[in-house]
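Down below is the structure, laid out as structure tokens.
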Amino acid sequence: MPMTTSEGDLKTTSFVLQPFSEKDMDETDIVLRAAYRTQYGRKDTLKRYLEIQPSHAIVAREGEEIVGFGATRDYGPFAYIGLMAAHPKVQGRGAGRMILEEILGWLSSRQSRTILLDASPSGVHLYETHGFVRVEPTLVLQRSKSAHIVPDPSFSGRNYEMGTQEVEGNFAKLVSFDEPFFGANRDSLLRSYYDDEPQRFLVSKDMKGRINGFLVAQARTLGPWVVKDSKAAEDLLAWALEFPFEDRPSVIVSGSNKGCLDLLGRYGFEVQRSMQHMYWGVKPIHRARSTAIYAQATAGFG
Ligand SMILES: CC(C)(COP(=O)(O)OP(=O)(O)OC[C@H]1O[C@@H](n2cnc3c(N)ncnc32)[C@H](O)[C@@H]1OP(=O)(O)O)[C@@H](O)C(=O)NCCC(=O)NCCS
């Protein structure tokens with residue numbers, strides 16, 4: 001496909017799109033590290049795009065080499081696009097646009113009416129040119145280096161711990177608790193986090209034994225984290241911070257969730273970077289981004 005660069009040169013793009021598969025894992029992870037400029041990889045998330053269906057994950061190749069990636073997960077009421085990446089050496093040459101248009105075509109064939117994403121500053125323009133509308137910031141916070149002392153809340157998380165057996169037997173209840181807040185059933189996604197490390201899938205209950213929150217303490221990130229009230233949120237946070245992490249833990253949360261931002265501030269979390277929450281199509285109203293959703297699973301899974 002010929003295209004004109006900003007300098008006016010005529011360039012020929014030579015990217016070929018293919019479905020992402022297990023054998024692409026290592027090479028794609030290298031592209032993600034380069035595009036996002038991180039030391040750590042994202043194989044755990046890549047693996048989930050293969051396991052959790054319906055999803056559509058694709059790589060862009062130039063010659064034999066993988067140079068781009070993008071994916072979407074269709075939850076039904078809405079889809080989420082994530083992990084869009086072009087290797088720095090090909091950025092600005094049309095790979096990102098090709099990947100996005102492939103994903104939008106796939107979602108269109110599934111009659112998706114609402115598509116959500118959290119765009120980094122370099123992605124906003126690309127999405128706006130495809131009809132996405134800005135909603136509000138999505139913030140990435142990370143626990144500060146000096147935040148050694150955890151405030152002493154009336155910590156009750158451990159009292160309400162559901163044993164592994166109990167979570168397993170009650171998973172449907174957990175999914176039902178989550179669904180009205182998240183805005184869609186995400187049984188398979190939650191199960192995949194649970195199956196990976198059941199002991200880090202924290203669930204709290206109220207005095208009557210009803211689930212009032214859960215938090216997945218991933219190796220680097222806290223989330224998904226959904227709560228009915230601020231007490232459950234703090235119990236779960238204090239509990240989660242007892243676990244070891246690969247780095248100071250981070251949280252991805254809507255900039256409009258004041259309750260979460262206040263809580264994280266008290267526990268020594270600081271804003272590290274800001275993304276732009278965007279939607280395409282019908283604006284979703286049945287989602288609790290500013291109240292109950294205290295943390296996304298990842299930027300791409302919502
Ligand atoms: C965002 C990203 C995936 C776009 O891929 P790409 O292959 O560079 O994008 P394209 O060449 O298809 O360009 C698409 C549009 O985005 C613009 N664009 C590309 N990189 C940009 C940047 N860093 N800042 C602002 N705009 C940018 C291009 O100018 C183009 O707009 P135009 O058609 O009006 O000229 C890629 O830059 C990237 O991997 N960024 C780092 C990782 C990241 O932040 N990913 C999340 C994105 S939400």
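Simple scheme: letters A, B, ... for chains in structure tokens order, numbers from 1 for residues in each chain, numbers from 1 for ligands in the order shown.
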Long-range neighbours of Arg143 (chain A) as a PDB file with N, CA and C atoms, in the first residue's frame, 7 Å cut-off, only C-alpha atoms, 6 positions minimum in chain:
ATOM      1  N   ARG A 248       7.645  -2.219  42.732  1.00  0.00           N
ATOM      2  CA  ARG A 248       6.622  -1.482  43.468  1.00  0.00           C
ATOM      3  C   ARG A 248       5.304  -1.602  42.702  1.00  0.00           C
ATOM      4  N   PRO A 249       4.222  -2.048  43.363  1.00  0.00           N
ATOM      5  CA  PRO A 249       3.002  -2.350  42.604  1.00  0.00           C
ATOM      6  C   PRO A 249       2.349  -1.099  42.007  1.00  0.00           C
ATOM      7  N   SER A 250       1.709  -1.300  40.870  1.00  0.00           N
ATOM      8  CA  SER A 250       1.015  -0.203  40.203  1.00  0.00           C
ATOM      9  C   SER A 250      -0.479  -0.508  40.126  1.00  0.00           C
ATOM     10  N   GLY A 268       0.552   5.818  49.804  1.00  0.00           N
ATOM     11  CA  GLY A 268       1.845   6.141  49.193  1.00  0.00           C
ATOM     12  C   GLY A 268       1.941   5.874  47.704  1.00  0.00           C
ATOM     13  N   PHE A 269       0.801   5.810  47.008  1.00  0.00           N
ATOM     14  CA  PHE A 269       0.847   5.647  45.549  1.00  0.00           C
ATOM     15  C   PHE A 269       0.875   7.027  44.889  1.00  0.00           C
ATOM     16  N   GLU A 270       1.621   7.130  43.814  1.00  0.00           N
ATOM     17  CA  GLU A 270       1.733   8.401  43.088  1.00  0.00           C
ATOM     18  C   GLU A 270       1.415   8.193  41.612  1.00  0.00           C
TER      19      GLU A 270
END
For CA of Pro121 (chain A) and CA of Leu215 (chain A), the interatomic separation in Å (one decimal): 27.9 Å
Among region 25-228 of chain A, which ones does DSSP place in strand (DSSP E or B), written as a PyMOL selection string? chain A and resi 55-62+65-74+79-86+114-119+133-143+201-205+211-217+221-227
Within 10 Å of region 186-193 of chain A, counting only C-alpha atoms, which residues qualify if same-chain residues fewer than 3 places away don't, as a ChimeraX atom specification? /A:44,47-49,51-53,73-76,168,171-172,174-176,178-179,182-183,196-198,200-201,216-218,223-224,297,301
Can you write out the residues you just picked, keeping N, CA and C atoms, as a CSV table (one decimal), in the first residue's frame?
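Final output, saved to out16.csv:
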chain,number,residue,atom,x,y,z
A,44,ASP,N,2.2,-12.9,30.1
A,44,ASP,CA,1.0,-13.3,30.8
A,44,ASP,C,-0.2,-12.8,30.1
A,47,LYS,N,-0.7,-14.4,26.6
A,47,LYS,CA,-1.3,-15.8,26.8
A,47,LYS,C,-2.8,-15.7,27.0
A,48,ARG,N,-3.2,-14.7,27.7
A,48,ARG,CA,-4.7,-14.6,28.0
A,48,ARG,C,-5.4,-14.3,26.7
A,49,TYR,N,-4.8,-13.6,25.7
A,49,TYR,CA,-5.5,-13.3,24.5
A,49,TYR,C,-5.7,-14.6,23.7
A,51,GLU,N,-6.1,-17.6,25.2
A,51,GLU,CA,-6.9,-18.5,26.0
A,51,GLU,C,-8.4,-18.1,26.1
A,52,ILE,N,-8.5,-16.8,26.2
A,52,ILE,CA,-9.9,-16.2,26.5
A,52,ILE,C,-10.6,-15.8,25.2
A,53,GLN,N,-11.6,-16.5,24.9
A,53,GLN,CA,-12.3,-16.2,23.6
A,53,GLN,C,-13.7,-15.6,23.9
A,73,ARG,N,-10.6,-7.8,23.0
A,73,ARG,CA,-11.4,-8.9,23.7
A,73,ARG,C,-12.8,-8.4,23.6
A,74,ASP,N,-13.7,-9.2,23.1
A,74,ASP,CA,-15.1,-8.9,22.9
A,74,ASP,C,-15.9,-9.4,24.1
A,75,TYR,N,-16.3,-8.5,25.0
A,75,TYR,CA,-17.1,-8.9,26.2
A,75,TYR,C,-18.6,-9.0,25.9
A,76,GLY,N,-19.0,-8.7,24.7
A,76,GLY,CA,-20.5,-8.7,24.4
A,76,GLY,C,-21.0,-7.3,24.4
A,168,GLU,N,-13.4,-21.4,44.7
A,168,GLU,CA,-13.7,-22.3,43.6
A,168,GLU,C,-15.2,-22.6,43.5
A,171,PHE,N,-17.4,-19.4,42.5
A,171,PHE,CA,-17.0,-18.5,41.5
A,171,PHE,C,-18.1,-17.8,40.7
A,172,ALA,N,-19.2,-18.5,40.6
A,172,ALA,CA,-20.4,-17.9,39.9
A,172,ALA,C,-20.8,-16.7,40.7
A,174,LEU,N,-19.0,-14.7,42.6
A,174,LEU,CA,-18.0,-13.7,42.3
A,174,LEU,C,-18.2,-13.0,41.0
A,175,VAL,N,-18.5,-13.8,40.0
A,175,VAL,CA,-18.7,-13.2,38.6
A,175,VAL,C,-20.0,-12.4,38.6
A,176,SER,N,-21.0,-12.9,39.4
A,176,SER,CA,-22.3,-12.1,39.5
A,176,SER,C,-22.1,-10.8,40.2
A,178,ASP,N,-19.3,-9.1,40.2
A,178,ASP,CA,-18.5,-8.2,39.4
A,178,ASP,C,-19.3,-7.6,38.2
A,179,GLU,N,-20.2,-8.4,37.6
A,179,GLU,CA,-20.8,-8.1,36.3
A,179,GLU,C,-21.5,-6.7,36.3
A,182,PHE,N,-18.6,-4.0,36.3
A,182,PHE,CA,-17.7,-4.0,35.2
A,182,PHE,C,-18.6,-3.7,33.9
A,183,GLY,N,-19.8,-4.2,33.9
A,183,GLY,CA,-20.7,-3.9,32.7
A,183,GLY,C,-20.8,-5.1,31.8
A,196,ASP,N,-4.1,-18.9,37.7
A,196,ASP,CA,-2.7,-18.6,37.7
A,196,ASP,C,-2.1,-18.7,39.1
A,197,GLU,N,-2.8,-17.9,40.0
A,197,GLU,CA,-2.3,-17.9,41.4
A,197,GLU,C,-3.5,-17.7,42.4
A,198,PRO,N,-4.2,-18.8,42.7
A,198,PRO,CA,-5.4,-18.7,43.6
A,198,PRO,C,-5.1,-17.9,44.9
A,200,ARG,N,-3.4,-15.4,45.4
A,200,ARG,CA,-3.3,-13.9,45.2
A,200,ARG,C,-4.6,-13.3,44.7
A,201,PHE,N,-5.7,-14.2,44.7
A,201,PHE,CA,-7.0,-13.7,44.3
A,201,PHE,C,-7.7,-13.5,45.6
A,216,VAL,N,-7.1,-8.8,42.7
A,216,VAL,CA,-6.1,-9.7,42.3
A,216,VAL,C,-4.7,-9.0,42.4
A,217,ALA,N,-3.9,-9.6,43.3
A,217,ALA,CA,-2.6,-9.1,43.5
A,217,ALA,C,-1.6,-9.7,42.5
A,218,GLN,N,-1.6,-9.1,41.3
A,218,GLN,CA,-0.7,-9.6,40.3
A,218,GLN,C,0.8,-9.3,40.7
A,223,GLY,N,-5.0,-5.5,40.5
A,223,GLY,CA,-6.2,-5.4,39.7
A,223,GLY,C,-6.3,-6.7,38.9
A,224,PRO,N,-7.5,-7.1,38.5
A,224,PRO,CA,-8.7,-6.3,38.7
A,224,PRO,C,-9.1,-6.2,40.2
A,297,ALA,N,-7.8,-4.7,35.1
A,297,ALA,CA,-6.9,-5.8,35.1
A,297,ALA,C,-5.6,-5.4,34.4
A,301,PHE,N,-7.4,-5.0,28.9
A,301,PHE,CA,-8.6,-5.8,29.2
A,301,PHE,C,-9.7,-5.0,29.9
With only C-alpha atoms and all ligand atoms as the basis for distance, which of A:Ala57, A:Arg220, A:Asp206, A:Gly300 is at the shortest distance from ligand 1? A:Gly300
Selected residue of minimal separation from ligand 1 among A:Leu236, A:Leu264, A:Val59, A:Leu32, counting only C-alpha atoms and all ligand atoms: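 Going through A:Leu236, A:Leu264, A:Val59, A:Leu32 one by one, the smallest distance to ligand 1 is for A:Leu32.
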Check the smallest atom-to-atom distance from each of A:Leu17, A:Val226, A:Val271, A:Ala232 to Glu64 (chain A) using only C-alpha atoms, then report the winner.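 The answer is A:Leu17, which sits nearest to Glu64 (chain A).
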Could you check the closest approach to ligand 1 for each of A:Tyr40, A:Tyr127, A:Phe132, A:Phe78 and tell me which residue wins, using only C-alpha atoms and all ligand atoms?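 Smallest separation from ligand 1 among the options: A:Tyr127.
Nearest-residue note for ligand 1: choosing from A:Gln18, A:Ser290, A:Asn257, A:Ser274, the minimum distance belongs to A:Ser274, counting only C-alpha atoms and all ligand atoms.
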Would you mind telling me which residue in A:Gln39, A:Ser109, A:Thr129, A:Thr298 lies nearest to ligand 1 when using only C-alpha atoms and all ligand atoms?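 Closest residue, counting only C-alpha atoms and all ligand atoms: A:Thr129.
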I'd like the contact shell of Thr138 (chain A) - 6 Å cut-off, only C-alpha atoms, skipping same-chain residues fewer than 5 positions apart - returned as a count of residues only. 7
Please run DSSP on the backbone and report, as an NGL selection string, all residues within region 77-151 of chain A that come out as alpha helix (DSSP H). :A and (95-109 or 124-128)
File of the preceding selection, N, CA and C atoms, as a PDB file, in the first residue's frame:
ATOM      1  N   ALA A  95       1.930   0.706  10.394  1.00  0.00           N
ATOM      2  CA  ALA A  95       1.603  -0.604  10.982  1.00  0.00           C
ATOM      3  C   ALA A  95       0.467  -0.492  11.998  1.00  0.00           C
ATOM      4  N   GLY A  96       0.549   0.537  12.860  1.00  0.00           N
ATOM      5  CA  GLY A  96      -0.481   0.718  13.873  1.00  0.00           C
ATOM      6  C   GLY A  96      -1.853   0.899  13.240  1.00  0.00           C
ATOM      7  N   ARG A  97      -1.917   1.700  12.193  1.00  0.00           N
ATOM      8  CA  ARG A  97      -3.189   1.937  11.508  1.00  0.00           C
ATOM      9  C   ARG A  97      -3.735   0.633  10.904  1.00  0.00           C
ATOM     10  N   MET A  98      -2.862  -0.147  10.273  1.00  0.00           N
ATOM     11  CA  MET A  98      -3.303  -1.415   9.675  1.00  0.00           C
ATOM     12  C   MET A  98      -3.860  -2.360  10.737  1.00  0.00           C
ATOM     13  N   ILE A  99      -3.153  -2.436  11.864  1.00  0.00           N
ATOM     14  CA  ILE A  99      -3.587  -3.342  12.941  1.00  0.00           C
ATOM     15  C   ILE A  99      -4.937  -2.885  13.480  1.00  0.00           C
ATOM     16  N   LEU A 100      -5.052  -1.576  13.732  1.00  0.00           N
ATOM     17  CA  LEU A 100      -6.317  -1.061  14.275  1.00  0.00           C
ATOM     18  C   LEU A 100      -7.461  -1.334  13.302  1.00  0.00           C
ATOM     19  N   GLU A 101      -7.246  -1.105  12.023  1.00  0.00           N
ATOM     20  CA  GLU A 101      -8.330  -1.285  11.060  1.00  0.00           C
ATOM     21  C   GLU A 101      -8.718  -2.760  10.934  1.00  0.00           C
ATOM     22  N   GLU A 102      -7.747  -3.652  11.051  1.00  0.00           N
ATOM     23  CA  GLU A 102      -8.062  -5.085  11.065  1.00  0.00           C
ATOM     24  C   GLU A 102      -8.948  -5.429  12.279  1.00  0.00           C
ATOM     25  N   ILE A 103      -8.574  -4.894  13.432  1.00  0.00           N
ATOM     26  CA  ILE A 103      -9.339  -5.165  14.657  1.00  0.00           C
ATOM     27  C   ILE A 103     -10.745  -4.576  14.552  1.00  0.00           C
ATOM     28  N   LEU A 104     -10.843  -3.346  14.039  1.00  0.00           N
ATOM     29  CA  LEU A 104     -12.170  -2.720  13.903  1.00  0.00           C
ATOM     30  C   LEU A 104     -13.026  -3.504  12.910  1.00  0.00           C
ATOM     31  N   GLY A 105     -12.414  -4.038  11.872  1.00  0.00           N
ATOM     32  CA  GLY A 105     -13.155  -4.856  10.903  1.00  0.00           C
ATOM     33  C   GLY A 105     -13.682  -6.122  11.556  1.00  0.00           C
ATOM     34  N   TRP A 106     -12.853  -6.746  12.367  1.00  0.00           N
ATOM     35  CA  TRP A 106     -13.270  -7.963  13.076  1.00  0.00           C
ATOM     36  C   TRP A 106     -14.432  -7.654  14.011  1.00  0.00           C
ATOM     37  N   LEU A 107     -14.326  -6.549  14.746  1.00  0.00           N
ATOM     38  CA  LEU A 107     -15.395  -6.184  15.682  1.00  0.00           C
ATOM     39  C   LEU A 107     -16.668  -5.801  14.928  1.00  0.00           C
ATOM     40  N   SER A 108     -16.497  -5.171  13.786  1.00  0.00           N
ATOM     41  CA  SER A 108     -17.663  -4.813  12.985  1.00  0.00           C
ATOM     42  C   SER A 108     -18.396  -6.074  12.522  1.00  0.00           C
ATOM     43  N   SER A 109     -17.641  -7.107  12.145  1.00  0.00           N
ATOM     44  CA  SER A 109     -18.271  -8.359  11.702  1.00  0.00           C
ATOM     45  C   SER A 109     -19.003  -9.042  12.861  1.00  0.00           C
ATOM     46  N   VAL A 124      -3.533   8.488  20.839  1.00  0.00           N
ATOM     47  CA  VAL A 124      -4.802   9.236  20.811  1.00  0.00           C
ATOM     48  C   VAL A 124      -5.184   9.684  19.399  1.00  0.00           C
ATOM     49  N   HIS A 125      -4.229  10.227  18.681  1.00  0.00           N
ATOM     50  CA  HIS A 125      -4.514  10.743  17.344  1.00  0.00           C
ATOM     51  C   HIS A 125      -5.019   9.620  16.431  1.00  0.00           C
ATOM     52  N   LEU A 126      -4.346   8.476  16.476  1.00  0.00           N
ATOM     53  CA  LEU A 126      -4.750   7.331  15.651  1.00  0.00           C
ATOM     54  C   LEU A 126      -6.205   6.949  15.927  1.00  0.00           C
ATOM     55  N   TYR A 127      -6.588   6.912  17.192  1.00  0.00           N
ATOM     56  CA  TYR A 127      -7.953   6.505  17.530  1.00  0.00           C
ATOM     57  C   TYR A 127      -8.962   7.589  17.154  1.00  0.00           C
ATOM     58  N   GLU A 128      -8.595   8.836  17.360  1.00  0.00           N
ATOM     59  CA  GLU A 128      -9.533   9.917  17.002  1.00  0.00           C
ATOM     60  C   GLU A 128      -9.816   9.906  15.504  1.00  0.00           C
TER      61      GLU A 128
END
